[in-house]
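Below is one structure, written out as structure tokens; comments come after it.
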Amino acid sequence: MNLLQIIYLIASLTFIIGIKMLGKPESARRGNLIAAFGMTIAIFGTIFLYEGIQTSNYGWIFGGLVVGTVIGTLMAKKVKMTGMPQMVSFFNGMGGACAGIISLVEFNHILQQGDFLTAPKVKLAIIFLGLVIGSISFAGSMIAYGKLVEKIKDKVLPLQQVVNIGLLLLILGIAAAATVGYISTPNVLFLILVLSLLYGVLFVMPIGGADMPVVISLLNSFTGVAAAMGGFLYDNKVMLFGGILVGSAGTLLTVVMCKAMNRSLTNVLIGNFGGGNKDAGEGKAITGSIKEISKADAAVLMKYSKKVVIVPGYGLAVAQAQHICHELEQVLEDEGVEVKYAIHPVAGRMPGHMNVLLAESNVSYDKLIEMDDINPEFKTTDVVLIVGANDVVNPAAKNDPSSPIYGMPILDVEDAAHTIVMKRSMKAGYAGIENELFFSPKNSMLFGDAKKTLTELVSELKSL
Amino acid sequence: MNTIIDFIANNQLMIYLVILMIFVGIELIEKVPSVLHTPLMSGANAIHGVVIIGAIIIMGEAENMYATILGFIAVVLGTLNVVGGFVVTDRMLEMFKKKKK
């Protein structure tokens, strides 16, 4: 038993050190491995050293571990880089479900020892809270997953916010009443379970797909808190430690992400941005003409530039164009052109999504410049090549107060001498609004699939 | 009311720990470049998989059908969270390499 406590202590330390190291590009990978090591010793320590584990159940434990490991590894290995956000959401949901099940079983233990009304109140409260938070996290994560794979559409019911808040209060009220003994039927547990699952669904349903990363981050911290409830339940320090750590770090990460979009968390949660609410204002109608550019002209323009900045967006991810994008960068660099990437904090579907994607194709991360650092540089840039990005370069965010994205910091691409927008069609971006940049006299459009167009651009450049 | 006060008095250490951990968590995240937000979220996701310990405990202590079935499911789901979480994070970070020339 004492050895187990030391193992838990070491595991807890690896979690802190791991998260710390994850915060720096050079040490991030090692940090992840260190935390994984800590988790492994905590798991095996529990199996072999925890008092009360019956050896007759070893088969079930190892069976579960093997099944989970095989499925988890396969899923994590097979997922494409573009599918990363939904994968994280899925695994998060699994953790939430796990926390919920622990509460179900522990409540049953109490029932076997007699009436739950005589059980310690604090223990009951912890069991109920674990169930509520775990279930919300599970149901919410599954809806977020569905939205990211585009199987579930945004849906806003009438009076949705009122219903949501009412439902949450109802759940907490029932849990509190059952804890202090006003409700005596043990079936109350299943009522709480069902209502919590329903709340998880309703909570995420109206939030626009573009805001899913924020939601996933929030649900991530929920699961952390649910895990911490287990820590209280078993007086288990490592669960408490890991859970609270993720709970607080996750909450802060959520706030940081919101800040990157210049919006408050409340605004994300009830703002219906990109959702069904069309009264929010669609921005000014834009009149003017757009001009197209041929691939050959675009190639010439870039070849004789001093500095080219590439702005990647979700279109690049969808077209899997990151490798050819890197090739374009190399061809231009060979011609003596300075090439950089401008990374908007919310480009793609997740903060850092573009970095992960471009890093996959060996783009060195010191070429990926964050918004605040690249913005002053646009004035000295000859050509900005926008690949499948839209809202993050929409000037309406700065000069049209009626626009739904007004106030969001954007990349100041209009400061550059030329902009070339690579897009499949004139369709609006995720926020569903027109982009007046397309109509700017300095801008040219290059229509087509990002991968195909970039490939042709590279061969044009090579033949010049 | 008394139960709450008793609880706090009996669990002082735990409560101190919770408060400290909240600040440690905030401190750890504060100055992270947005480049690493996704891997960090994914890494944190794997760490809350520590809930697997609770799953192992209920599975190990299971004496009836109900606890055995639910315990087994919990172990599988918890393992998915842990293993999937760490592997996905590792895959993301594998790609953060310095430029090779």
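All residue names refer to the structure tokens as shown: chains lettered A, B, ... in order, residues numbered from 1 in each chain, ligands numbered from 1 in order.
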(message) Show me, as number ranges by chain, every residue of chain B with an atom at most 7 Å from chain A, counting only C-alpha atoms.
(response) B: 18, 21-22, 25-26, 28-29, 32, 34-38, 40-45, 47-51, 53-61, 67, 70, 72, 74-81, 83-88, 90, 92-99
Practice task
Determine which residues of segment 332-380 of chain A DSSP labels as alpha helix (DSSP H) from the backbone of this structure, then write them out as number ranges by chain.
Solution key: A: 332-334, 353-360, 371-374
